Structures are given as C-alpha cells and as structure tokens.
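Novice: Supplied in structure tokens, the structure appears directly below.
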Amino acid sequence: MMDAPAGGPARALDRVAAMATAAPPPRAFSISLKWVVIGVCVAFTLYIAVIPLGFLLWQSFFTPQTAAKAAVFTLGNYLTAYSSSETARLFWNSLRYAVGVASFAFFVGTGLAWMNERTNTPFKSLFYALSLIPLVIPGILFTVAWILLGSPKIGIINLMVMDWFGLQSAPFDIYTLWGMIWVDGLHYSPMAFLLMTAAFRSMDPSLEESATMSGANVFQVIWYITLKLAWPAIFATFLILFVRAIESFEVPALLGLPVGIQVFTSSIYQAIHRYPSQVGLASAYAVTLLLITSVGIFFISRLSASGSKYSTMTGKGFRPRQIDLGRWRWFAAGIFFVYFSLIVLLPFLVLLWSSFQKFYSVPSMEALKSLTLDPYRFVLSYPNLSRSVWNSLFLSFGSATLIMLITSVICWIVVKTKLPGRWLLDNLASLPMVFPGLVLGLALMIFYLNVDIGVYGTMWIMFIAYVTRFMPYGLRFNTTSMMQIHKELEESAAMSGASWATTFYRVILPLLKPGLLAGWIYIMIVSIRELSSSILLYSPGTEVVSIVIWELWENGQYVELSALGVLFILLLFGLVMVAQYIGKKFGIKEH
C-alpha cells in the first residue's frame, strides 16, 4: 500500500505559509494559465483516446488499396468476418482460449493466495516476494522458454520423460490449445495470486472462525464462507484475466499459428501481413475484439461500483487466525516451490542453458563440453542492439513521465473541480483500457497513414501508442492519491495569493508523489517489455528490444535469442531494483 511520506501535509502547509510571504503573481495570468493547461490536457485526452477508434471503424468499411486500385466503400469486410464458418471457428477458439487461460490462472493463483494468507505455510513472505518476479518477464520470452521446455521435438521435459520411461512419442505437446492455455495461464497466474491475496488479506476472518467453531471442516469453510465473501474479488479477477487472455498476442502467434490454431489477435496480425494488406478485414476483426473487451471492462467497473454489500472490513480491528496445516505445511511449501520453478526457475534456466550453445541442444554431458560465449558476442555486436535498447528506454521513461503528468491534471479536474462533463473526461481517459495492444497499433497505423503529420515510420508513433495504451493505469494511480488530498490545502494557498500553477506545482504534485512514483515505476516496467502494440508500428531504426527478440525468433536464431533474453531479463530486474530504491528514498512506503 502506498502512503504519503510522514509529515507530507505538514510540509504542504509550510509551503503554503512560505507562499503567503511572496508577492502574488498577476491574477489574470494565473487564471489563463490554469485554463490553458486544462484545455491542453482535455484536448490531448480526446485526441489519443477517440480519434484512433473512429478511424478504425472507418477503415473497416473499405477494401484494400493497391498501386493499381483505389480503396472503395464496402460491407464485404464484415460479411467475411461474420458470415463464414471460419470466423465462427475463430470466435470459438478465442472464447475457449480466453476462458481456459482465465480459469487456469485463477484456480492456481487463488489456491496459492489462500494458502499464503490463511495457513501457516513456511516461507510465506519469501514466496510472496518471489511472485512479483514473473511480472517483469516479457511474454515473448516466457513463451519461447516453454517452447524449449515443452516442444514435442526439442522440449527438454519431453525428452527427459521419454528417456526415463522408454516412450516412443512425446507425452506433452505445447503446440495445442491446451498447451497455449498452460503457458498463458502460468504467465497470468501471478496476477491472480496478487489480486486474491489482497482480497483475502482485507477480509475479516471472524465469520470463518465462527464456522470452524460450529464444526465446519476446512473445505466447508472455504466453499460456504470464504469464497462467498470474496465473490466480488473473484468475479473481478476472473474478468481481468479473461480480458488479458482475449487480447494476448505472443502465445497465439508463437504456439497457435504454426499449427493453424487461430484466435482474433493472430488473425489480425496475419490479415495485416498479407499482400495486399487486408487492413479492412483486420479492422473488422478488431471491432469484434473491442466489443468483447468492452463488455468485460464494463462488468468490472459495475462490480467495483456495487461491491460494498460484500464488505466485511469495518473500523473494528482484527487479526486473521491462520489454519494450522500440521505436517502438511511442508507439502504446501513444496507446492509453492514447484510453482515458482514452473514460472521462473525453469524458464530462466532453459534460456540460460540455450544461451551458451553454438546450436540449440538438450542438456547432456556432450553438450556441456561445447559451451560457448558466441551467442553473447553475437548479441553484443548486433548492429541494432544499442539502438533498440535506447529506443526501449526512451519510450518507457518518456511515456511513463508524460502519462503521470497528464493524468495528474486530469485527476485534479475529475476529483477536485465541479466542471460539467468531468465524468466524461474520466471515461474518455479510461477508454484505451478496452483497446487490446494489437488493436491499438492497428488503429494508430490506419490513422497516421491517412493523416500524414510526419510521425508514421518514426519512433513518435510508438511513443503515442505507449502513452495511449498505458494512460488508464496512470489515471488509476493518481486518482487514489488525489482523493486523499484535502481541498483546504488548495484553499489556503489561494488565500495566500498563490496562483493555480504555483499551488499545483508546490502543493498538489508533492503530495501526489507516492502515487506518481508508483504509477511511473509500473508503467516504465510494462512499457519496456511491450510487444503487441509495437509489432505493427515499428520500422527500420525504431525497433525496441522486444521486436529484436521477435525477429531473432522468426529467423530461427534461438541461441542468440536466448542470450538476448537473459540479458534483457537481468536488465529489467536491475531497473526494478533501481525503481524500488528510488521509491523508498522519495517517499513510497510499504505497510
């Protein structure tokens, strides 16, 4: 939980008192600057949230444009998208995939969260800290690692099991729908674990204790009490996982496309890369994907607004009573260790092993004799590597900084003013949340192909995509902090003669610092590993690290990819450590 640094309001009052002794600036200028800043932020929000959506819908009604034939208006894209049996199969695959991933991730994450919060499992604090590590591993690297582990031809797990039990064929096949669900479900399970841990931690356990004293066993308490009270969190977590799975790109592209298992995201990607490019058909698919994610986001917001009837936390303090598992507590700790091995240890180790090979080979004594640093030499001398690292850092740091500054003004308008229509501004700023990354990239590609302002084919179009995609997350971080700032601090500053700009800079922003830093750290981490919105927008010279990894995979350079992946993961861990240090030094405190 992020709290303001001790004495934050007191320091703000000191700044207000200091401003009272300063000569007040001209009032006319302060008012004009206030409305200029508000107007710029509102216009910026409308520009990045609404215009790409409009052009996406517009493009879905046009045929492909070629050198010999201009684009013409048509309903054929929707007829192709909605009338063929292929589309019905596409929809069914997407639905099964998303429900499967959400169910698997939720089941694993919730079970581990319950053991972590309600039992005396050893090393719980360590396992909680370890659960944060997978959040910084890019999806493409996690998927590649599981290909090296679970492929029927080269997968280490398959080859070991076949050798141990004398099997003639591989027992596991990662290139199936169930294999896709396994990989993406594991990747998203830490999210379910963290969300459900928060729900169990904030739940008053007195009703569970009463049920236990009445003679109910552990499973009856879980089914009739715990899960009933946690229903809003359960439903919201499942919906979040479903939305994340339906917009997933890496797993469907790397595991589904090679064997003909298509979902909406992989079909959009393929439609764009045909010749002539089927942009209209891709837009029609994207509209369907937008509708699905919009329904999910709508139910999440409705649930958040009506979840108070399930509240059990009151002003009365409580201390959760943990269930004594007896000797089974070590079995529970073993489950945590196996889980950590599946999501962190095995994927990282297989990438590390592969990164020291001339050609990919399974672990053996003979392969151990041919270890080499050639893949690392190749990566470090790769012509685009330094530029792609710089591009990734620029996009992540720049987008995180701009997002947190813009959303701080938007949150001030929504929370602290009575301007008519401020609720609409909040909704518009949150609109990009329903854009899957690939759909957002497609919308921006269409828009800047038709409105040539000099950003298409440059890094600025990717910068716009990152700012658009992650702005709703910055809004959530800043809104929480803004609601904790009392209006009297602004009123005191105004009575002291401070302009709006001075008050915002010297009072509001310092008090927002915990939320600003927390949001900046989160957006920086998720944007530096972003692939889905970049895959349609990059051009030679604007590649980011995730794109270089994608290109190495498509070229079959697996050992070089592994070396780059190991370096990339270590870089991300280093950035997280630096970000945590900065957060603790400048006021982000965990309780």
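Quick note on naming: the chains in the structure tokens go A, B, ... in the order shown, residues restart at 1 in each chain, and ligands are numbered from 1 in order of appearance.
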Counting only C-alpha atoms, what is within 12 Å of Lys153 of chain A, bar same-chain residues fewer than 5 positions away, as a PyMOL selection string?

Specialist: chain A and resi 147-148+158-160+162+168-175+361-362

Novice: Deliver the residues from the most recent selection as a file, using N, CA and C atoms, as a compact mmCIF listing (two decimals), in the first residue's frame.

Specialist:
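This is the output file result.txt:
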# COMPACT_ATOMS: atom_id res chain seq x y z
N ILE A 147 8.54 -23.19 -25.06
CA ILE A 147 8.74 -23.96 -26.30
C ILE A 147 9.98 -24.84 -26.15
N LEU A 148 11.05 -24.28 -25.59
CA LEU A 148 12.27 -25.06 -25.38
C LEU A 148 12.08 -26.14 -24.31
N ASN A 158 9.95 -33.14 -22.36
CA ASN A 158 9.51 -34.29 -23.16
C ASN A 158 10.63 -35.30 -23.36
N LEU A 159 11.82 -34.83 -23.71
CA LEU A 159 12.93 -35.74 -23.97
C LEU A 159 13.37 -36.48 -22.71
N MET A 160 13.33 -35.80 -21.57
CA MET A 160 13.69 -36.46 -20.31
C MET A 160 12.68 -37.52 -19.93
N MET A 162 10.60 -39.12 -21.95
CA MET A 162 10.70 -40.22 -22.91
C MET A 162 11.90 -41.13 -22.59
N GLN A 168 7.93 -43.79 -26.90
CA GLN A 168 8.26 -43.58 -28.31
C GLN A 168 7.84 -42.20 -28.82
N SER A 169 6.87 -41.59 -28.17
CA SER A 169 6.38 -40.27 -28.60
C SER A 169 6.32 -39.35 -27.39
N ALA A 170 6.35 -38.05 -27.67
CA ALA A 170 6.35 -37.06 -26.59
C ALA A 170 5.02 -37.07 -25.84
N PRO A 171 5.06 -37.08 -24.50
CA PRO A 171 3.80 -37.08 -23.73
C PRO A 171 3.12 -35.71 -23.70
N PHE A 172 3.86 -34.65 -23.93
CA PHE A 172 3.29 -33.31 -23.89
C PHE A 172 3.52 -32.61 -25.23
N ASP A 173 2.53 -31.84 -25.64
CA ASP A 173 2.64 -31.07 -26.88
C ASP A 173 2.21 -29.64 -26.60
N ILE A 174 3.19 -28.75 -26.59
CA ILE A 174 2.91 -27.36 -26.28
C ILE A 174 2.16 -26.66 -27.43
N TYR A 175 2.22 -27.27 -28.65
CA TYR A 175 1.57 -26.67 -29.82
C TYR A 175 0.14 -27.16 -29.97
N SER A 361 20.77 -27.43 -28.21
CA SER A 361 20.78 -28.87 -27.93
C SER A 361 20.34 -29.08 -26.49
N VAL A 362 19.75 -30.23 -26.24
CA VAL A 362 19.25 -30.52 -24.90
C VAL A 362 20.43 -30.76 -23.96

Novice: Might you pull out every residue within 9 Å of Ala282 of chain A, with only C-alpha atoms counted and same-chain residues fewer than 6 positions away left off, and present them as a list in words?

Specialist: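 My reading of the contact set: Ser60, Asn77, Ala81, Ser267, Ile268, Tyr269, Gln270, Ala271, Ile272, Val439 and Leu442 of chain A.
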
Novice: Go ahead and save the residues from that selection, with C-alpha atoms, as a PDB file, in the first residue's frame.

Specialist:
ATOM      1  CA  SER A  60     -13.378  -1.453 -41.560  1.00  0.00           C
ATOM      2  CA  ASN A  77     -15.137  -6.986 -44.592  1.00  0.00           C
ATOM      3  CA  ALA A  81     -15.750 -11.572 -40.769  1.00  0.00           C
ATOM      4  CA  SER A 267      -5.859 -13.348 -37.356  1.00  0.00           C
ATOM      5  CA  ILE A 268      -5.473  -9.560 -37.174  1.00  0.00           C
ATOM      6  CA  TYR A 269      -1.702  -9.936 -37.446  1.00  0.00           C
ATOM      7  CA  GLN A 270      -1.988 -12.279 -40.442  1.00  0.00           C
ATOM      8  CA  ALA A 271      -4.506 -10.057 -42.233  1.00  0.00           C
ATOM      9  CA  ILE A 272      -2.108  -7.097 -41.966  1.00  0.00           C
ATOM     10  CA  VAL A 439      -5.898  -3.324 -31.994  1.00  0.00           C
ATOM     11  CA  LEU A 442      -3.741  -1.144 -35.947  1.00  0.00           C
TER      12      LEU A 442
END

Novice: Provide the atom CA of Leu75 of chain A to atom CA of Met445 of chain A distance in Å, to one decimal place.

Specialist: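 These atoms are spaced 21.1 Å apart.
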
Novice: Which residues, written as an mmCIF file with C-alpha atoms, in the first residue's frame, have at least one atom at most 8 Å from Pro472 of chain A, with only C-alpha atoms counted and residues fewer than 6 positions away on the same chain left out?

Specialist:
data_model
loop_
_atom_site.group_PDB
_atom_site.id
_atom_site.type_symbol
_atom_site.label_atom_id
_atom_site.label_comp_id
_atom_site.auth_asym_id
_atom_site.auth_seq_id
_atom_site.Cartn_x
_atom_site.Cartn_y
_atom_site.Cartn_z
ATOM 1 C CA ALA A 429 -9.182 8.835 -20.397
ATOM 2 C CA SER A 430 -10.032 5.259 -19.382
ATOM 3 C CA LEU A 431 -11.227 4.309 -22.885
ATOM 4 C CA PRO A 432 -7.846 2.943 -24.087
ATOM 5 C CA MET A 433 -8.178 0.226 -21.446
#

Novice: Within 12 Å of Gly185 of chain A, counting only C-alpha atoms, which residues qualify if same-chain residues fewer than 5 places away don't, as a PyMOL selection string?

Specialist: chain A and resi 97-109+139+142-143+177-180+190-193+238+241-242+244-246+248+251+342-343

Novice: Pick the closest to Thr503 of chain A from A:Trp412, A:Ala236, A:Gly296, A:Asn478: which is it, counting only C-alpha atoms?

Specialist: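 Distance minimum relative to Thr503 of chain A lands on A:Trp412.
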
Novice: Which residues of segment 124-212 of chain A come within 12 Å of segment 510-522 of chain A, and what is each one's closest atom pair and distance in Å (one decimal), counting only C-alpha atoms, sorted by chain and residue number, as CSV?

Specialist:
residue,atom,partner,partner_atom,distance
A:Leu132,CA,A:Tyr522,CA,12.0
A:Leu135,CA,A:Tyr522,CA,10.2
A:Val136,CA,A:Tyr522,CA,9.8

Novice: Grab the atom CA of Leu257 of chain A to atom CA of Gln278 of chain A distance for me, in Å with one decimal place.

Specialist: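 Separation of atom CA of Leu257 of chain A and atom CA of Gln278 of chain A: 17.6 Å.
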
Novice: Calculated over only C-alpha atoms, which of the candidates A:Asp324, A:Glu554, A:Asp426, A:Glu250 has the smallest distance to Cys41 of chain A?

Specialist: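 Selected residue with least distance to Cys41 of chain A: A:Asp426.
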
Novice: To one decimal place, how far is atom CA of Ser266 of chain A from atom CA of Pro252 of chain A in Å?

Specialist: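 Between these atoms lies a distance of 6.1 Å.
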
Novice: Using only C-alpha atoms, which residue out of A:Phe340, A:Phe249, A:Tyr448, A:Tyr188 lies closest to Thr110 of chain A?

Specialist: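 When distances to Thr110 of chain A are compared using only C-alpha atoms, the smallest one comes from A:Tyr188.
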
Novice: Running DSSP on the backbone, which parts of segment 70-204 of chain A land in alpha helix (DSSP H), as a ChimeraX atom specification?

Specialist: /A:76-83,85-118,124-130,139-150,156-165,177-201

Novice: Which one is closest to Phe264 of chain A: A:Arg506, A:Arg89, A:Arg529, A:Arg118? Count only C-alpha atoms.

Specialist: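 Counting only C-alpha atoms, the residue closest to Phe264 of chain A is A:Arg89.
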
Novice: Please list as a list in words every residue within 9 Å of Trp550 of chain A, counting only C-alpha atoms and excluding residues in the same chain fewer than 5 positions away.

Specialist: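 Contacts, in chain order: Ile140, Leu531, Ile535, Val545, Asn555 and Leu561 of chain A.
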
Novice: With only C-alpha atoms as the basis for distance, which of A:Met483, A:Leu419, A:Leu141, A:Val37 is at the shortest distance from Val548 of chain A?

Specialist: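 Nearest to Val548 of chain A: A:Leu141.
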
Novice: Which is closer to Ser341 of chain A than all the others in A:Thr417, A:Thr45, A:Gln557, A:Ser131, using only C-alpha atoms?

Specialist: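 The closest residue to Ser341 of chain A is A:Ser131.
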